[in-house]
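Peer 1: Data: model_31.txt, compact mmCIF, C-alpha atoms.
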```txt
# COMPACT_ATOMS: atom_id res chain seq x y z
CA MET A 1 -53.31 59.44 -87.42
CA SER A 2 -54.49 61.67 -90.26
CA ALA A 3 -52.73 64.96 -90.96
CA PRO A 4 -53.85 67.70 -88.54
CA THR A 5 -56.00 70.35 -90.19
CA ALA A 6 -55.94 74.13 -89.81
CA ASP A 7 -59.58 74.17 -88.64
CA VAL A 8 -59.06 71.65 -85.87
CA LEU A 9 -55.86 73.29 -84.64
CA GLY A 10 -57.42 76.76 -84.85
CA SER A 11 -60.38 75.70 -82.72
CA TYR A 12 -58.12 73.99 -80.23
CA LEU A 13 -55.78 76.98 -79.88
CA SER A 14 -58.70 79.41 -79.60
CA GLU A 15 -59.98 77.45 -76.63
CA VAL A 16 -56.57 77.02 -75.00
CA LEU A 17 -55.37 80.60 -75.50
CA GLY A 18 -58.77 82.17 -74.82
CA THR A 19 -58.75 84.27 -77.97
CA ALA A 20 -59.74 83.84 -81.61
CA VAL A 21 -56.97 82.01 -83.46
CA THR A 22 -56.75 81.23 -87.15
CA VAL A 23 -54.14 78.77 -88.28
CA SER A 24 -52.32 78.14 -91.56
CA THR A 25 -52.36 74.72 -93.17
CA PRO A 26 -49.77 72.69 -91.24
CA ARG A 27 -46.70 72.03 -93.41
CA ARG A 28 -44.92 68.76 -92.66
CA VAL A 29 -41.16 68.97 -92.36
CA ALA A 30 -38.71 66.12 -92.84
CA MET A 31 -36.84 66.70 -89.59
CA GLY A 32 -37.20 64.28 -86.70
CA GLN A 33 -38.18 60.63 -86.66
CA SER A 34 -40.01 59.99 -83.40
CA ARG A 35 -42.58 62.70 -84.02
CA ALA A 36 -44.44 64.09 -86.98
CA MET A 37 -43.33 67.72 -87.20
CA TYR A 38 -45.21 70.58 -88.86
CA ILE A 39 -44.72 74.31 -89.23
CA VAL A 40 -47.90 76.10 -88.22
CA ASP A 41 -48.54 79.86 -88.38
CA ALA A 42 -51.13 81.00 -85.85
CA ASP A 43 -52.75 84.44 -86.14
CA TYR A 44 -53.95 85.97 -82.89
CA ASP A 45 -53.63 89.16 -80.87
CA GLY A 46 -52.93 91.11 -84.05
CA GLY A 47 -49.85 89.13 -85.06
CA THR A 48 -48.66 85.98 -86.74
CA HIS A 49 -46.95 83.52 -84.40
CA ARG A 50 -44.91 80.81 -86.09
CA THR A 51 -44.94 77.56 -84.16
CA ILE A 52 -43.72 74.00 -84.50
CA LEU A 53 -46.28 71.26 -84.04
CA ARG A 54 -44.82 68.05 -82.61
CA VAL A 55 -47.16 65.09 -82.85
CA GLU A 56 -46.58 61.76 -81.14
CA GLN A 57 -46.67 58.61 -83.23
CA GLY A 58 -48.04 55.97 -80.88
CA GLY A 59 -44.86 55.66 -78.83
CA PHE A 60 -42.68 55.11 -81.88
CA LEU A 61 -38.97 55.05 -80.91
CA GLY A 62 -39.94 54.57 -77.28
CA SER A 63 -40.73 58.12 -76.32
CA ASP A 64 -43.66 60.38 -75.62
CA SER A 65 -44.29 63.95 -74.48
CA THR A 66 -45.11 63.24 -70.85
CA THR A 67 -41.65 64.19 -69.66
CA GLU A 68 -40.50 66.15 -72.72
CA VAL A 69 -43.04 68.95 -72.25
CA PRO A 70 -42.51 69.58 -68.50
CA VAL A 71 -38.74 69.34 -69.01
CA MET A 72 -38.90 72.00 -71.72
CA GLN A 73 -41.17 74.19 -69.60
CA ALA A 74 -38.87 73.93 -66.57
CA LEU A 75 -35.71 74.65 -68.53
CA HIS A 76 -37.35 77.54 -70.38
CA ARG A 77 -38.22 79.04 -66.99
CA ALA A 78 -34.59 78.52 -65.93
CA ASN A 79 -33.50 80.60 -68.94
CA TYR A 80 -31.89 77.65 -70.66
CA PRO A 81 -32.21 78.07 -74.45
CA VAL A 82 -35.33 76.00 -75.04
CA ALA A 83 -38.35 76.85 -77.16
CA GLU A 84 -41.41 77.94 -75.22
CA VAL A 85 -44.24 75.41 -75.16
CA VAL A 86 -47.36 77.23 -76.39
CA ALA A 87 -49.88 74.44 -75.85
CA TYR A 88 -49.85 70.76 -74.87
CA GLU A 89 -52.62 68.33 -75.71
CA PRO A 90 -51.80 65.04 -73.92
CA THR A 91 -54.99 63.05 -74.51
CA GLY A 92 -55.00 62.41 -78.25
CA SER A 93 -58.64 63.52 -78.41
CA VAL A 94 -58.05 66.47 -80.76
CA ILE A 95 -56.11 64.97 -83.67
CA GLY A 96 -55.84 61.32 -82.68
CA GLU A 97 -52.41 61.56 -81.02
CA PRO A 98 -50.99 63.73 -78.23
CA PHE A 99 -49.14 66.78 -79.46
CA PHE A 100 -47.67 70.06 -78.42
CA LEU A 101 -46.96 73.36 -80.10
CA MET A 102 -43.78 75.25 -79.36
CA SER A 103 -42.63 78.65 -80.46
CA PHE A 104 -40.53 78.69 -83.62
CA VAL A 105 -36.92 79.61 -82.92
CA ASP A 106 -34.87 81.25 -85.65
CA GLY A 107 -31.79 79.38 -86.75
CA VAL A 108 -30.60 76.25 -88.45
CA ALA A 109 -29.47 72.91 -87.07
CA THR A 110 -26.52 72.44 -89.40
CA GLU A 111 -23.15 71.28 -88.10
CA LEU A 112 -21.05 74.38 -87.47
CA VAL A 113 -17.65 74.02 -85.83
CA SER A 114 -17.60 77.58 -84.51
CA THR A 115 -20.60 76.84 -82.26
CA LEU A 116 -19.13 73.73 -80.62
CA ASP A 117 -17.43 75.41 -77.67
CA ASP A 118 -20.63 77.24 -76.75
CA TYR A 119 -22.52 73.99 -77.07
CA ILE A 120 -20.08 72.14 -74.80
CA ARG A 121 -20.53 74.90 -72.21
CA LEU A 122 -24.31 74.66 -72.51
CA LEU A 123 -24.28 70.90 -72.07
CA ASP A 124 -21.99 71.23 -69.06
CA ARG A 125 -24.35 73.87 -67.64
CA LEU A 126 -27.26 71.46 -68.00
CA HIS A 127 -25.32 68.75 -66.18
CA ARG A 128 -24.52 71.10 -63.31
CA TYR A 129 -28.13 72.06 -62.60
CA ASP A 130 -29.64 70.87 -59.35
CA PRO A 131 -32.70 69.06 -60.76
CA ALA A 132 -34.98 70.17 -57.93
CA GLU A 133 -33.87 73.80 -58.18
CA VAL A 134 -34.80 74.05 -61.87
CA GLY A 135 -38.12 72.25 -61.46
CA LEU A 136 -37.01 68.82 -62.64
CA GLY A 137 -37.50 67.07 -59.32
CA PHE A 138 -40.35 65.08 -60.87
CA LEU A 139 -37.93 63.02 -62.96
CA GLU A 140 -37.14 59.59 -61.58
CA GLN A 141 -34.06 59.68 -59.35
CA PRO A 142 -31.78 56.65 -59.82
CA GLN A 143 -29.86 55.35 -56.81
CA LEU A 144 -26.11 55.80 -56.79
CA PRO A 145 -23.74 54.27 -57.59
CA THR A 146 -25.01 51.93 -60.35
CA GLY A 147 -28.65 52.99 -60.57
CA PRO A 148 -28.13 55.39 -63.50
CA ALA A 149 -26.64 52.64 -65.67
CA ASN A 150 -29.06 49.91 -64.63
CA ALA A 151 -32.13 52.11 -64.94
CA LEU A 152 -31.28 53.15 -68.46
CA VAL A 153 -30.39 49.63 -69.63
CA GLU A 154 -33.71 48.43 -68.19
CA ARG A 155 -35.59 51.22 -69.91
CA PHE A 156 -34.09 50.45 -73.29
CA GLU A 157 -34.55 46.72 -72.79
CA ARG A 158 -38.27 47.33 -72.19
CA THR A 159 -38.41 49.38 -75.38
CA TYR A 160 -36.63 46.62 -77.31
CA ARG A 161 -38.99 43.93 -76.02
CA SER A 162 -42.01 46.08 -76.89
CA GLY A 163 -40.83 46.12 -80.48
CA LEU A 164 -40.04 42.44 -80.89
CA VAL A 165 -41.84 40.52 -83.59
CA GLY A 166 -41.54 36.77 -83.14
CA GLU A 167 -37.82 36.32 -82.57
CA PRO A 168 -35.28 37.86 -80.18
CA SER A 169 -32.04 39.45 -81.39
CA PRO A 170 -29.19 37.29 -79.99
CA LEU A 171 -26.47 39.94 -80.06
CA LEU A 172 -28.75 42.52 -78.50
CA GLU A 173 -29.75 40.09 -75.74
CA GLU A 174 -26.06 39.38 -75.10
CA ALA A 175 -25.18 43.08 -75.01
CA ILE A 176 -27.94 43.77 -72.48
CA ALA A 177 -26.50 41.02 -70.27
CA TRP A 178 -22.99 42.46 -70.63
CA LEU A 179 -24.17 45.97 -69.73
CA ARG A 180 -26.00 44.69 -66.64
CA ILE A 181 -22.93 42.81 -65.44
CA HIS A 182 -20.55 45.71 -66.05
CA ALA A 183 -22.66 48.65 -64.82
CA PRO A 184 -20.20 51.35 -63.66
CA ALA A 185 -20.50 53.65 -60.69
CA THR A 186 -21.86 57.14 -61.21
CA ASP A 187 -20.58 59.80 -58.82
CA ARG A 188 -23.45 62.29 -59.07
CA VAL A 189 -26.89 62.36 -60.64
CA CYS A 190 -27.24 64.95 -63.43
CA VAL A 191 -29.85 66.24 -65.80
CA VAL A 192 -28.99 64.29 -68.96
CA HIS A 193 -30.23 65.59 -72.30
CA GLY A 194 -30.32 62.13 -73.86
CA ASP A 195 -29.77 63.03 -77.52
CA PRO A 196 -27.21 65.82 -77.50
CA GLY A 197 -24.97 67.25 -80.16
CA PRO A 198 -24.87 68.86 -83.60
CA GLY A 199 -28.23 68.61 -85.32
CA ASN A 200 -30.07 68.95 -82.04
CA TYR A 201 -29.42 72.59 -81.44
CA MET A 202 -30.31 75.61 -83.50
CA HIS A 203 -27.90 78.43 -84.20
CA LEU A 204 -28.08 81.78 -85.91
CA ASP A 205 -25.13 84.01 -86.83
CA GLY A 206 -22.84 81.76 -84.82
CA HIS A 207 -24.95 81.92 -81.65
CA ILE A 208 -26.95 79.02 -80.23
CA THR A 209 -30.64 79.93 -80.15
CA ALA A 210 -32.22 76.70 -78.86
CA VAL A 211 -31.43 73.17 -77.78
CA VAL A 212 -34.06 70.77 -79.11
CA ASP A 213 -35.32 67.17 -78.76
CA TRP A 214 -35.86 66.67 -75.04
CA GLU A 215 -37.79 63.42 -75.31
CA PHE A 216 -35.03 61.27 -73.79
CA THR A 217 -34.07 63.65 -70.99
CA HIS A 218 -33.64 61.91 -67.66
CA LEU A 219 -31.66 62.05 -64.43
CA GLY A 220 -28.53 59.97 -64.70
CA ASP A 221 -24.86 59.96 -65.64
CA GLU A 222 -23.42 62.87 -67.62
CA TYR A 223 -21.18 60.37 -69.42
CA PHE A 224 -24.22 59.29 -71.42
CA ASP A 225 -24.32 62.76 -72.99
CA TRP A 226 -20.57 63.13 -73.46
CA ALA A 227 -20.33 59.75 -75.17
CA TYR A 228 -23.33 60.60 -77.34
CA LEU A 229 -21.81 63.92 -78.32
CA ILE A 230 -18.48 62.35 -79.21
CA TRP A 231 -19.53 59.14 -80.99
CA MET A 232 -23.07 59.74 -82.19
CA ARG A 233 -23.88 63.28 -83.19
CA GLY A 234 -20.37 64.72 -83.22
CA LYS A 235 -18.45 61.96 -84.97
CA ARG A 236 -18.40 63.64 -88.38
CA LEU A 237 -16.92 66.85 -86.99
CA MET A 238 -13.99 65.63 -84.93
CA ASP A 239 -12.35 62.37 -83.97
CA PRO A 240 -12.91 61.09 -80.41
CA ASP A 241 -9.49 62.23 -79.15
CA ALA A 242 -10.09 65.73 -80.43
CA TRP A 243 -13.52 65.77 -78.78
CA THR A 244 -12.21 64.65 -75.39
CA ALA A 245 -9.44 67.24 -75.57
CA ARG A 246 -11.92 69.95 -76.48
CA ILE A 247 -14.31 68.99 -73.68
CA ARG A 248 -11.37 69.08 -71.26
CA ASP A 249 -10.25 72.50 -72.52
CA VAL A 250 -13.69 74.08 -72.63
CA ALA A 251 -15.49 72.49 -69.66
CA GLY A 252 -12.56 71.29 -67.57
CA ILE A 253 -13.81 67.70 -67.61
CA ASP A 254 -11.24 64.93 -67.92
CA LEU A 255 -13.29 62.03 -69.23
CA ASP A 256 -12.37 58.52 -68.06
CA PRO A 257 -11.92 56.34 -71.19
CA GLU A 258 -13.28 53.11 -69.69
CA ARG A 259 -16.37 54.75 -68.24
CA LEU A 260 -16.83 56.52 -71.54
CA ARG A 261 -16.69 53.18 -73.36
CA TYR A 262 -19.50 51.80 -71.22
CA TRP A 263 -21.74 54.80 -71.87
CA ARG A 264 -20.91 54.77 -75.56
CA ALA A 265 -22.24 51.21 -75.56
CA VAL A 266 -25.41 52.41 -73.79
CA ASN A 267 -25.78 55.02 -76.55
CA TYR A 268 -25.67 52.26 -79.15
CA LEU A 269 -28.02 50.13 -77.06
CA MET A 270 -30.46 53.01 -77.03
CA GLY A 271 -30.26 53.29 -80.82
CA ALA A 272 -30.71 49.58 -81.44
CA CYS A 273 -33.59 49.29 -78.95
CA ILE A 274 -35.61 52.32 -79.97
CA ASP A 275 -35.16 51.34 -83.62
CA GLN A 276 -36.67 47.96 -82.75
CA THR A 277 -40.04 49.68 -82.28
CA ALA A 278 -40.04 50.41 -86.01
CA THR A 279 -40.03 46.67 -86.69
CA ARG A 280 -43.34 46.12 -84.94
CA PHE A 281 -44.93 49.35 -86.15
CA TYR A 282 -44.07 48.51 -89.76
CA ARG A 283 -44.95 44.83 -89.52
CA GLU A 284 -48.32 45.52 -87.90
CA ARG A 285 -48.96 48.43 -90.27
CA VAL A 286 -49.42 50.84 -87.37
CA MET A 287 -47.50 53.38 -89.44
CA PRO A 288 -47.00 52.99 -93.21
CA ALA A 289 -44.15 55.51 -93.48
CA PRO A 290 -41.20 54.04 -95.42
CA ASN A 291 -38.67 55.55 -93.02
CA LEU A 292 -39.73 52.81 -90.60
CA LEU A 293 -38.34 50.20 -92.96
CA ALA A 294 -35.02 52.07 -93.08
CA ILE A 295 -34.94 52.47 -89.30
CA SER A 296 -35.86 48.86 -88.53
CA THR A 297 -33.17 47.55 -90.90
CA GLY A 298 -30.22 49.79 -91.75
CA VAL A 299 -30.33 52.16 -88.79
CA HIS A 300 -30.94 49.35 -86.29
CA LEU A 301 -28.15 47.18 -87.70
CA SER A 302 -25.71 50.07 -87.71
CA ALA A 303 -26.27 50.66 -83.99
CA LEU A 304 -26.14 46.93 -83.24
CA ARG A 305 -22.83 46.52 -85.08
CA ARG A 306 -21.29 49.39 -83.12
CA LEU A 307 -22.63 47.98 -79.88
CA TYR A 308 -21.03 44.63 -80.71
CA ASP A 309 -17.70 46.25 -81.64
CA THR A 310 -17.69 48.34 -78.46
CA VAL A 311 -18.26 45.66 -75.84
CA LEU A 312 -18.69 42.17 -77.31
CA ALA A 313 -16.05 41.75 -80.01
CA MET B 314 -60.55 35.96 -121.76
CA THR B 315 -57.55 34.86 -119.78
CA LEU B 316 -54.12 36.18 -119.12
CA PRO B 317 -51.83 33.35 -120.06
CA VAL B 318 -48.88 35.20 -118.63
CA LEU B 319 -49.52 37.19 -115.48
CA PRO B 320 -47.29 40.13 -114.58
CA ARG B 321 -44.32 39.09 -112.48
CA VAL B 322 -44.10 40.53 -108.98
CA GLU B 323 -40.47 41.52 -109.55
CA ASP B 324 -41.37 43.48 -112.68
CA ILE B 325 -44.18 45.30 -110.91
CA LEU B 326 -41.86 46.32 -108.08
CA VAL B 327 -38.90 47.31 -110.27
CA ASN B 328 -41.04 49.26 -112.72
CA SER B 329 -42.91 51.00 -109.92
CA ALA B 330 -39.63 52.06 -108.34
CA THR B 331 -38.36 53.35 -111.69
CA ALA B 332 -41.58 55.28 -112.31
CA LEU B 333 -41.38 56.87 -108.90
CA ARG B 334 -37.79 57.94 -109.44
CA THR B 335 -38.08 59.16 -113.03
CA THR B 336 -41.64 60.47 -113.21
CA VAL B 337 -42.91 61.35 -109.75
CA LEU B 338 -39.85 62.43 -107.79
CA PRO B 339 -38.73 65.20 -110.19
CA THR B 340 -42.15 66.85 -109.93
CA VAL B 341 -42.38 66.82 -106.14
CA THR B 342 -41.40 70.06 -104.45
CA ASP B 343 -42.45 69.38 -100.86
CA GLU B 344 -39.42 68.24 -98.84
CA PHE B 345 -41.23 65.59 -96.80
CA ALA B 346 -42.98 64.21 -99.88
CA GLN B 347 -39.61 63.99 -101.67
CA LEU B 348 -38.21 61.91 -98.81
CA THR B 349 -41.26 59.67 -98.80
CA VAL B 350 -41.17 59.05 -102.56
CA ALA B 351 -37.43 58.36 -102.54
CA LEU B 352 -37.78 55.94 -99.63
CA VAL B 353 -40.76 54.14 -101.19
CA ALA B 354 -38.76 53.61 -104.40
CA THR B 355 -35.82 52.27 -102.40
CA ALA B 356 -38.16 50.08 -100.33
CA LEU B 357 -39.52 48.52 -103.52
CA GLU B 358 -36.00 47.68 -104.65
CA TYR B 359 -35.26 46.20 -101.21
CA ALA B 360 -38.37 44.06 -101.61
CA VAL B 361 -37.17 42.82 -105.01
CA GLU B 362 -33.98 41.53 -103.40
CA LEU B 363 -35.93 39.82 -100.63
CA LEU B 364 -38.14 38.09 -103.17
CA ALA B 365 -35.13 36.85 -105.08
CA GLU B 366 -33.42 35.50 -101.97
CA PRO B 367 -35.38 34.75 -98.77
CA ARG B 368 -32.40 35.40 -96.54
CA ASP B 369 -34.19 34.70 -93.26
CA ILE B 370 -34.43 30.99 -94.12
CA ALA B 371 -30.70 30.82 -94.72
CA HIS B 372 -30.01 32.72 -91.48
CA ARG B 373 -32.02 30.21 -89.42
CA ALA B 374 -30.32 27.23 -91.04
CA GLU B 375 -26.83 28.67 -90.48
CA LEU B 376 -27.58 29.49 -86.87
CA ASP B 377 -29.11 26.08 -86.28
CA ALA B 378 -25.95 24.43 -87.64
CA ALA B 379 -23.78 26.60 -85.38
CA LEU B 380 -25.89 25.69 -82.36
CA GLN B 381 -25.39 22.01 -83.16
CA ARG B 382 -21.66 22.66 -82.86
CA VAL B 383 -22.17 24.47 -79.56
CA GLY B 384 -23.95 21.47 -78.08
CA ASP B 385 -26.05 21.38 -74.90
CA LEU B 386 -25.97 24.28 -72.46
CA PRO B 387 -27.82 24.97 -69.21
CA GLU B 388 -30.82 27.31 -69.58
CA VAL B 389 -31.05 26.66 -73.33
CA ASP B 390 -34.25 24.88 -74.36
CA SER B 391 -33.47 22.58 -77.26
CA GLY B 392 -37.03 22.93 -78.54
CA ALA B 393 -36.88 26.70 -78.95
CA SER B 394 -36.16 28.52 -82.22
CA ALA B 395 -32.58 29.03 -83.37
CA PHE B 396 -32.66 32.72 -82.51
CA GLU B 397 -34.11 32.01 -79.07
CA ARG B 398 -31.47 29.35 -78.36
CA ALA B 399 -28.66 31.56 -79.63
CA SER B 400 -29.88 34.41 -77.41
CA ARG B 401 -29.96 32.20 -74.33
CA ALA B 402 -26.57 30.70 -75.13
CA LEU B 403 -24.94 34.10 -75.48
CA VAL B 404 -26.50 35.45 -72.28
CA TRP B 405 -25.38 32.28 -70.47
CA ALA B 406 -21.84 32.83 -71.79
CA GLN B 407 -21.77 36.38 -70.45
CA ARG B 408 -22.97 35.23 -67.03
CA ASN B 409 -20.63 32.25 -66.86
CA PRO B 410 -17.21 33.34 -68.13
CA GLY B 411 -14.65 30.64 -68.78
CA PRO B 412 -13.42 28.31 -71.51
CA ARG B 413 -16.90 26.95 -72.30
CA ALA B 414 -18.29 30.47 -72.62
CA ASP B 415 -15.39 31.44 -74.88
CA GLU B 416 -16.16 28.44 -77.06
CA VAL B 417 -19.84 29.44 -77.34
CA LEU B 418 -18.93 33.00 -78.31
CA SER B 419 -16.29 31.87 -80.81
CA ILE B 420 -18.87 29.73 -82.62
CA LEU B 421 -21.91 32.00 -82.56
CA HIS B 422 -20.38 35.44 -83.00
CA PRO B 423 -18.95 34.90 -86.50
CA VAL B 424 -22.23 33.47 -87.77
CA LEU B 425 -24.31 36.31 -86.35
CA ILE B 426 -21.91 39.03 -87.47
CA ASP B 427 -21.80 37.58 -90.98
CA GLN B 428 -25.62 37.67 -91.08
CA LEU B 429 -25.64 41.20 -89.68
CA GLU B 430 -23.26 42.35 -92.40
CA ARG B 431 -25.31 40.77 -95.17
CA GLU B 432 -28.47 42.45 -93.90
CA ALA B 433 -26.66 45.76 -93.47
CA THR B 434 -25.48 45.57 -97.06
CA ALA B 435 -29.00 44.86 -98.28
CA ALA B 436 -30.36 47.79 -96.25
CA ALA B 437 -27.56 50.22 -97.17
CA PRO B 438 -29.57 52.02 -99.89
CA LEU B 439 -32.44 52.59 -97.43
CA LEU B 440 -30.01 53.99 -94.89
CA ALA B 441 -28.34 56.23 -97.47
CA THR B 442 -31.66 57.62 -98.65
CA LEU B 443 -32.81 58.35 -95.12
CA HIS B 444 -29.53 60.01 -94.13
CA ALA B 445 -29.41 62.14 -97.27
CA ALA B 446 -32.90 63.43 -96.55
CA MET B 447 -32.15 64.10 -92.89
CA HIS B 448 -29.02 66.10 -93.69
CA LYS B 449 -30.87 68.09 -96.31
CA ALA B 450 -33.63 68.88 -93.78
CA HIS B 451 -31.15 70.32 -91.29
```
How would this structure read if it were set down as structure tokens?

Peer 2:
Amino acid sequence: MSAPTADVLGSYLSEVLGTAVTVSTPRRVAMGQSRAMYIVDADYDGGTHRTILRVEQGGFLGSDSTTEVPVMQALHRANYPVAEVVAYEPTGSVIGEPFFLMSFVDGVATELVSTLDDYIRLLDRLHRYDPAEVGLGFLEQPQLPTGPANALVERFERTYRSGLVGEPSPLLEEAIAWLRIHAPATDRVCVVHGDPGPGNYMHLDGHITAVVDWEFTHLGDEYFDWAYLIWMRGKRLMDPDAWTARIRDVAGIDLDPERLRYWRAVNYLMGACIDQTATRFYRERVMPAPNLLAISTGVHLSALRRLYDTVLA
Amino acid sequence: MTLPVLPRVEDILVNSATALRTTVLPTVTDEFAQLTVALVATALEYAVELLAEPRDIAHRAELDAALQRVGDLPEVDSGASAFERASRALVWAQRNPGPRADEVLSILHPVLIDQLEREATAAAPLLATLHAAMHKAH
């Protein structure tokens, strides 16, 4: 994919929005790994509208926009703090890859302790939605009690196998077997963010303005999100015991340690498997970006080591 | 006209990384370009280490030796690669718990974890560069 140009995006938006649109030169930002992200200013209807352009990268990291966009649209309609999707181009015919533009939301994604309680409440609110009532009935519904665990392990296994180059990863194969054998029961199916925590929400003046990165959202077990919050995105802010206490105090949820351990392992499985896609993309020169080398080596191994320590050691 | 002494690959990589860090990187103002230049320089240094020591050959030999100690197992094709056989042996051990499975795990795990740690050490600068850039971007 070549960098999207202002002319091409301007023409596209003019057609989609039904009005003359001129667009600034897209400015690439270093945030995000699965998508190429650009800041784009679009002038129309007498004003400048700042947007974020999110461009797919051939399925890199095992995700695409086919669920991300309708999830964002549904949650935006439900008044959950999600950026509004301005336009979605799913075919890849305009700039060579599918993309969408979403409204720019003021704020920063830095780790800020004073926003954590509000974030825990927001995540709990997401988990308590009835998927059908908020327009998320189109997401695949896993069968209770073990469907949520098995479905996710199968999904990440498929992603891992799609990224293999020549040889399997013995410890990853073993971990997948362990997770299949030990799939725990889920008591209710929730809307799961899939990548929650500090860094994936914006805040301004101490208030959360938007929750971002909905590419891994699915229906499943809320423990996936709680484990991810505690051990993945939140680990630098508080230790696990402090996190579980805070979640109990703020959301009234008393997390079961053994169930949490399983889902923590699924978090690490997710990391190791989606990182595997970087191996093939880099090896086959699908994408030349050097971050793929870092992801396919250091990032992948870090997740694999934690997966091993959590359930195999 | 000949070149009696051709440039060495290691020198090309090391000098390119140094030039990127000392000459190019300080002049780059765009955040994404800074990340890319820093990662390319680190990738070149990673490549230098790989050239000096082809670790994958050693990994296969170590794993093959460990599998010899494991001996025959059901569902493990003796003609497959070391990584394929190790994968099948570990999955078999998870599905068939008992003393034999424990023995398989006790032989293969230390070898694989030692290899994982060596690779993680080699990739640590790449990881550090990526993380530094990500935190700066937020």

Peer 1: Give me, as a tab-separated table, each residue of chain B that comes within 6 Å of chain A, together with its shortest interatomic pair and the distance in Å at one decimal, counting all atoms listed in the file, with rows ordered by chain and rising residue number.

Peer 2:
```
residue	atom	partner	partner_atom	distance
B:Phe345	CA	A:Ala30	CA	4.7
B:Leu352	CA	A:Pro290	CA	5.7
B:Val353	CA	A:Pro290	CA	5.8
B:Ala399	CA	A:Pro170	CA	5.8
B:Ser400	CA	A:Pro170	CA	3.9
B:Leu403	CA	A:Glu174	CA	5.4
B:Val404	CA	A:Glu174	CA	4.9
B:Ala433	CA	A:Gly298	CA	5.6
B:Ala436	CA	A:Gly298	CA	4.9
B:Leu439	CA	A:Ala294	CA	5.1
B:Leu440	CA	A:Gly298	CA	5.2
B:Ala450	CA	A:Met31	CA	5.7
B:His451	CA	A:Ala109	CA	5.2
```

Peer 1: Pick out the closest residue to His182 of chain A from this set: A:Tyr201, A:Phe156, A:Tyr262, A:Tyr223. Count all atoms listed in the file.

Peer 2: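 Looking at the shortest contact to His182 of chain A, the residue is A:Tyr262.
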
Peer 1: Just the residues within 12 Å of segment 320-325 of chain B, please, counting all atoms listed in the file, with nothing from its chain fewer than 5 positions along; format it as a PyMOL selection string.

Peer 2: chain B and resi 330-332+354+357-366

Peer 1: Report, in Å to a single decimal, how far apart atom CA of Val69 of chain A and atom CA of Phe138 of chain A are.

Peer 2: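 Distance between the two atoms: 12.3 Å.
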
Peer 1: Which residues are near Ser162 of chain A? Cut-off 9 Å, all atoms listed in the file, ignore same chain within fewer than 2 positions. Put them as number ranges by chain.

Peer 2: A: 62, 157-160, 164-165, 276-277, 280

Peer 1: For the atom pair atom CA of Ala20 of chain A and atom CA of Ile95 of chain A, what is the interatomic distance in Å to one decimal place?

Peer 2: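 Between these atoms lies a distance of 19.3 Å.
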
Peer 1: Quote the spacing between atom CA of Asp385 of chain B and atom CA of Leu421 of chain B in Å to one decimal place.

Peer 2: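 Atom CA of Asp385 of chain B sits 13.7 Å away from atom CA of Leu421 of chain B.
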
Peer 1: In the coordinates of the file, take the point (-41.5, 76.8, -71.1) and a cut-off of 12 Å; then, counting all atoms listed in the file, name each qualifying protein, DNA or RNA residue as a VMD selection string.

Peer 2: chain A and resid 68 to 88 100 to 103 134 to 135

Peer 1: Within 12 Å of Arg413 of chain B, counting all atoms listed in the file, which residues show up once you throw out same-chain ones fewer than 3 positions away? Write them as a PyMOL selection string, please.

Peer 2: chain B and resi 383-387+402-403+405-410+416-420

Peer 1: Please, could N, CA and C atoms be added to segment 294-303 of chain A and the result written as an mmCIF file, in the frame of the given file?

Peer 2:
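Output (part_24.cif):
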```cif
data_model
loop_
_atom_site.group_PDB
_atom_site.id
_atom_site.type_symbol
_atom_site.label_atom_id
_atom_site.label_comp_id
_atom_site.auth_asym_id
_atom_site.auth_seq_id
_atom_site.Cartn_x
_atom_site.Cartn_y
_atom_site.Cartn_z
ATOM 1 N N ALA A 294 -36.446 51.703 -93.160
ATOM 2 C CA ALA A 294 -35.020 52.070 -93.080
ATOM 3 C C ALA A 294 -34.528 51.999 -91.637
ATOM 4 N N ILE A 295 -35.354 52.453 -90.704
ATOM 5 C CA ILE A 295 -34.940 52.470 -89.300
ATOM 6 C C ILE A 295 -34.856 51.052 -88.738
ATOM 7 N N SER A 296 -35.827 50.219 -89.105
ATOM 8 C CA SER A 296 -35.860 48.860 -88.530
ATOM 9 C C SER A 296 -34.801 47.952 -89.146
ATOM 10 N N THR A 297 -34.207 48.359 -90.255
ATOM 11 C CA THR A 297 -33.170 47.550 -90.900
ATOM 12 C C THR A 297 -31.807 48.246 -90.782
ATOM 13 N N GLY A 298 -31.548 49.170 -91.676
ATOM 14 C CA GLY A 298 -30.220 49.790 -91.750
ATOM 15 C C GLY A 298 -29.805 50.534 -90.507
ATOM 16 N N VAL A 299 -30.696 51.355 -89.954
ATOM 17 C CA VAL A 299 -30.330 52.160 -88.790
ATOM 18 C C VAL A 299 -30.115 51.242 -87.581
ATOM 19 N N HIS A 300 -31.034 50.309 -87.409
ATOM 20 C CA HIS A 300 -30.940 49.350 -86.290
ATOM 21 C C HIS A 300 -29.638 48.535 -86.375
ATOM 22 N N LEU A 301 -29.339 48.024 -87.542
ATOM 23 C CA LEU A 301 -28.150 47.180 -87.700
ATOM 24 C C LEU A 301 -26.861 47.973 -87.497
ATOM 25 N N SER A 302 -26.875 49.230 -87.908
ATOM 26 C CA SER A 302 -25.710 50.070 -87.710
ATOM 27 C C SER A 302 -25.411 50.244 -86.220
ATOM 28 N N ALA A 303 -26.459 50.507 -85.439
ATOM 29 C CA ALA A 303 -26.270 50.660 -83.990
ATOM 30 C C ALA A 303 -25.850 49.326 -83.360
#
```
